[in-house]
Amino acid sequence: MTTALLVLGAYLLGAVPTGLFLIRLLHGVDLRRYGSGNVGATNVFRVAGLPLAVLVLLLDMAKGALPVLAAGRWAPTPGAAALAGAAAIAGHNWSIFLRLGGGKGIATTFGVLAALSPGAALIAALLWIAVVAATRYASLGSLLGIAAAPLVMWARGEPAAHLGFAGAALVFAVLKHRGNIARLRAGTELRVTDRRGSATDRPAGRA
């Protein structure tokens, strides 16, 4: 029962679309109508700048870390922590508040990894930084960073539940990045530095 409540709470916490809410609160517009249309920190950076993007990044990471930390306190098993982390990512990706729409789940996944396996989180983050610095493609860095996590966990001899979580997180990431993968192959993917409209520009037809 405790694990079930943790999983439910993790999903609901993950489902809160922080980027969408903050842009709407501060700028009065729908983030989904700007840039890539995504509600995560990368698109917030494109349309509202670095400070707000960092805030959204930290909040989305917290959505992943807090359920894992809560599981460590109230249901201290690797399985409960892994389930809570996966539920938080699922909430972010398929939010009940957005009619099962949502973000790509990368920041939330990094939050889970930071609480569940700091070593894997560090390697994934360093790989993300290196790839994005070299290519300016956040999607490519995200996919490669998440793909590295199960390999690092396996090399470190972590519990099977952690490996199961990492595999599920990779599947989630690939599912949510199918469009990005197609655009990367076609050479039309947005780079981090590409800015198509900003939150201070109203879309055509809006007051």
# chains A, B, ... in the order shown; residues from 1 in each chain; ligands from 1
$ residues_around --residues "A:Pro150" --least-positions-apart "6" --cutoff "8 Å" --atoms "only C-alpha atoms" --output "mmCIF file with N, CA, C and O atoms, in the first residue's frame"
data_model
loop_
_atom_site.group_PDB
_atom_site.id
_atom_site.type_symbol
_atom_site.label_atom_id
_atom_site.label_comp_id
_atom_site.auth_asym_id
_atom_site.auth_seq_id
_atom_site.Cartn_x
_atom_site.Cartn_y
_atom_site.Cartn_z
ATOM 1 N N ALA A 120 25.724 7.264 -12.024
ATOM 2 C CA ALA A 120 25.139 7.219 -13.359
ATOM 3 C C ALA A 120 24.658 8.593 -13.783
ATOM 4 O O ALA A 120 24.791 8.980 -14.954
ATOM 5 N N LEU A 163 18.553 -1.170 -12.857
ATOM 6 C CA LEU A 163 18.716 -1.443 -14.278
ATOM 7 C C LEU A 163 17.368 -1.441 -14.994
ATOM 8 O O LEU A 163 17.245 -0.949 -16.127
ATOM 9 N N ALA A 166 16.376 2.135 -15.473
ATOM 10 C CA ALA A 166 17.151 2.771 -16.533
ATOM 11 C C ALA A 166 16.670 2.327 -17.908
ATOM 12 O O ALA A 166 16.600 3.137 -18.847
ATOM 13 N N GLY A 167 16.325 1.046 -18.042
ATOM 14 C CA GLY A 167 15.785 0.565 -19.309
ATOM 15 C C GLY A 167 14.454 1.214 -19.637
ATOM 16 O O GLY A 167 14.210 1.622 -20.778
#
$ residues_around --residues "A:Ile129" --least-positions-apart "5" --cutoff "9 Å" --atoms "only C-alpha atoms" --output "ChimeraX atom specification"
/A:124,134,138,141,145
$ atom_distance --atom1 "atom CA of A:Val174" --atom2 "atom CA of A:Leu113"
17.1 Å
$ residues_around --residues "stretch 88-104 of chain A" --least-positions-apart "4" --cutoff "6 Å" --atoms "only C-alpha atoms" --output "ChimeraX atom specification"
/A:10-11,14-15,38-40,64,108,176
$ write_last_selection --atoms "N, CA and C atoms" --output "compact mmCIF listing (two decimals), in the first residue's frame"
# COMPACT_ATOMS: atom_id res chain seq x y z
N ALA A 10 3.95 10.14 -6.95
CA ALA A 10 5.04 10.48 -7.88
C ALA A 10 4.48 10.85 -9.24
N TYR A 11 3.49 10.09 -9.70
CA TYR A 11 2.88 10.42 -11.00
C TYR A 11 2.25 11.80 -10.97
N GLY A 14 4.94 14.48 -10.89
CA GLY A 14 5.57 14.57 -12.19
C GLY A 14 4.68 15.21 -13.23
N ALA A 15 3.36 15.06 -13.07
CA ALA A 15 2.41 15.57 -14.06
C ALA A 15 2.25 17.08 -14.04
N ASN A 38 7.54 22.26 -27.03
CA ASN A 38 7.71 21.43 -25.84
C ASN A 38 7.56 22.27 -24.58
N VAL A 39 7.23 21.62 -23.45
CA VAL A 39 7.00 22.36 -22.20
C VAL A 39 8.19 22.27 -21.25
N GLY A 40 9.33 21.74 -21.73
CA GLY A 40 10.48 21.55 -20.86
C GLY A 40 11.44 22.72 -20.86
N GLY A 64 11.52 14.50 -10.11
CA GLY A 64 12.03 13.15 -10.17
C GLY A 64 12.74 12.71 -8.91
N THR A 108 13.44 15.44 -15.55
CA THR A 108 12.88 14.60 -14.50
C THR A 108 13.65 13.30 -14.38
N LYS A 176 9.34 9.55 -26.61
CA LYS A 176 9.03 10.98 -26.63
C LYS A 176 9.92 11.76 -27.60
$ select_by_dssp --residues "stretch 39-121 of chain A" --states "helix (DSSP H, G or I)" --output "number ranges by chain"
A: 41-48, 50-74, 78-93, 96-98, 106-116, 118-121
$ atom_distance --atom1 "atom CA of A:Leu116" --atom2 "atom CA of A:Leu57"
18.0 Å
$ closest_residue --among "A:Arg191, A:His27, A:Met1, A:Leu59" --to "A:Ala133" --atoms "only C-alpha atoms"
A:Arg191
$ decode --residues "stretch 75-202 of chain A" --atoms "C-alpha atoms" --output "tab-separated table (two decimals), in the first residue's frame"
chain	number	residue	atom	x	y	z
A	75	ALA	CA	9.48	2.19	1.45
A	76	PRO	CA	13.26	1.68	1.51
A	77	THR	CA	13.72	-0.89	-1.25
A	78	PRO	CA	15.35	-0.49	-4.67
A	79	GLY	CA	12.13	-1.61	-6.32
A	80	ALA	CA	9.96	1.02	-4.64
A	81	ALA	CA	12.42	3.78	-5.47
A	82	ALA	CA	12.65	2.66	-9.10
A	83	LEU	CA	8.86	2.49	-9.46
A	84	ALA	CA	8.41	5.93	-7.90
A	85	GLY	CA	11.02	7.39	-10.23
A	86	ALA	CA	9.47	5.82	-13.31
A	87	ALA	CA	6.03	7.08	-12.26
A	88	ALA	CA	7.34	10.64	-11.92
A	89	ILE	CA	8.76	10.53	-15.46
A	90	ALA	CA	5.53	9.03	-16.80
A	91	GLY	CA	3.61	11.85	-15.14
A	92	HIS	CA	5.79	14.47	-16.79
A	93	ASN	CA	5.60	12.78	-20.19
A	94	TRP	CA	1.89	11.92	-20.12
A	95	SER	CA	0.36	14.43	-17.75
A	96	ILE	CA	-3.22	14.06	-16.57
A	97	PHE	CA	-3.30	17.86	-16.46
A	98	LEU	CA	-2.47	18.10	-20.18
A	99	ARG	CA	-4.81	15.38	-21.47
A	100	LEU	CA	-1.91	12.92	-21.44
A	101	GLY	CA	0.39	15.32	-23.27
A	102	GLY	CA	3.59	16.56	-21.69
A	103	GLY	CA	7.31	17.07	-22.01
A	104	LYS	CA	10.19	14.80	-22.97
A	105	GLY	CA	11.03	13.86	-19.38
A	106	ILE	CA	14.79	14.38	-19.56
A	107	ALA	CA	15.20	16.76	-16.60
A	108	THR	CA	12.88	14.60	-14.50
A	109	THR	CA	14.87	11.52	-15.48
A	110	PHE	CA	18.11	13.22	-14.42
A	111	GLY	CA	16.45	14.08	-11.10
A	112	VAL	CA	15.56	10.43	-10.56
A	113	LEU	CA	19.08	9.35	-11.47
A	114	ALA	CA	20.62	11.91	-9.11
A	115	ALA	CA	18.69	10.40	-6.20
A	116	LEU	CA	18.82	6.77	-7.31
A	117	SER	CA	22.35	6.48	-8.74
A	118	PRO	CA	24.51	9.62	-8.44
A	119	GLY	CA	27.36	7.98	-10.37
A	120	ALA	CA	25.14	7.22	-13.36
A	121	ALA	CA	23.63	10.70	-13.15
A	122	LEU	CA	27.09	12.29	-13.24
A	123	ILE	CA	28.19	10.33	-16.30
A	124	ALA	CA	24.90	11.03	-18.08
A	125	ALA	CA	25.13	14.75	-17.29
A	126	LEU	CA	28.74	15.00	-18.47
A	127	LEU	CA	27.85	13.20	-21.68
A	128	TRP	CA	24.89	15.53	-22.23
A	129	ILE	CA	27.11	18.58	-21.73
A	130	ALA	CA	29.77	17.27	-24.11
A	131	VAL	CA	27.32	16.36	-26.87
A	132	VAL	CA	25.34	19.60	-26.63
A	133	ALA	CA	28.54	21.68	-26.54
A	134	ALA	CA	29.76	19.93	-29.69
A	135	THR	CA	26.49	19.79	-31.66
A	136	ARG	CA	24.02	22.21	-30.01
A	137	TYR	CA	21.42	19.44	-30.22
A	138	ALA	CA	19.78	19.01	-26.80
A	139	SER	CA	17.78	16.03	-28.03
A	140	LEU	CA	20.89	14.12	-29.11
A	141	GLY	CA	22.64	14.86	-25.83
A	142	SER	CA	19.57	13.77	-23.90
A	143	LEU	CA	19.20	10.46	-25.71
A	144	LEU	CA	22.88	9.58	-25.42
A	145	GLY	CA	23.00	10.60	-21.76
A	146	ILE	CA	19.98	8.45	-20.87
A	147	ALA	CA	21.35	5.56	-22.96
A	148	ALA	CA	24.57	5.65	-20.93
A	149	ALA	CA	22.77	5.24	-17.60
A	150	PRO	CA	22.01	1.49	-17.76
A	151	LEU	CA	25.56	0.77	-18.90
A	152	VAL	CA	27.02	2.72	-15.98
A	153	MET	CA	24.65	1.03	-13.53
A	154	TRP	CA	25.55	-2.40	-14.89
A	155	ALA	CA	29.27	-1.64	-14.65
A	156	ARG	CA	28.80	-0.48	-11.05
A	157	GLY	CA	26.90	-3.67	-10.12
A	158	GLU	CA	23.75	-1.83	-9.09
A	159	PRO	CA	20.51	-3.67	-8.19
A	160	ALA	CA	18.36	-5.17	-10.92
A	161	ALA	CA	15.59	-2.70	-10.04
A	162	HIS	CA	17.90	0.18	-10.94
A	163	LEU	CA	18.72	-1.44	-14.28
A	164	GLY	CA	15.01	-1.98	-14.89
A	165	PHE	CA	14.35	1.68	-14.20
A	166	ALA	CA	17.15	2.77	-16.53
A	167	GLY	CA	15.79	0.57	-19.31
A	168	ALA	CA	12.28	1.97	-18.84
A	169	ALA	CA	13.63	5.54	-18.80
A	170	LEU	CA	15.43	4.91	-22.08
A	171	VAL	CA	12.25	3.54	-23.65
A	172	PHE	CA	10.32	6.60	-22.42
A	173	ALA	CA	12.98	8.91	-23.86
A	174	VAL	CA	12.99	7.22	-27.27
A	175	LEU	CA	9.18	7.27	-27.44
A	176	LYS	CA	9.03	10.98	-26.63
A	177	HIS	CA	11.90	11.82	-29.01
A	178	ARG	CA	10.65	9.99	-32.11
A	179	GLY	CA	10.04	13.28	-33.87
A	180	ASN	CA	13.44	14.60	-32.80
A	181	ILE	CA	15.14	11.47	-34.09
A	182	ALA	CA	13.44	11.87	-37.46
A	183	ARG	CA	14.47	15.55	-37.63
A	184	LEU	CA	18.04	14.72	-36.62
A	185	ARG	CA	18.22	12.25	-39.49
A	186	ALA	CA	16.73	14.83	-41.85
A	187	GLY	CA	18.99	17.64	-40.61
A	188	THR	CA	16.04	19.83	-39.56
A	189	GLU	CA	16.23	19.48	-35.78
A	190	LEU	CA	16.19	22.71	-33.74
A	191	ARG	CA	19.43	23.51	-31.94
A	192	VAL	CA	19.44	24.83	-28.40
A	193	THR	CA	20.41	28.27	-29.67
A	194	ASP	CA	17.65	28.45	-32.29
A	195	ARG	CA	14.98	30.91	-31.19
A	196	ARG	CA	11.69	30.86	-33.08
A	197	GLY	CA	9.64	33.50	-31.34
A	198	SER	CA	9.84	34.50	-27.69
A	199	ALA	CA	7.39	34.65	-24.84
A	200	THR	CA	7.12	38.39	-25.30
A	201	ASP	CA	5.95	37.99	-28.92
A	202	ARG	CA	2.27	37.20	-29.31
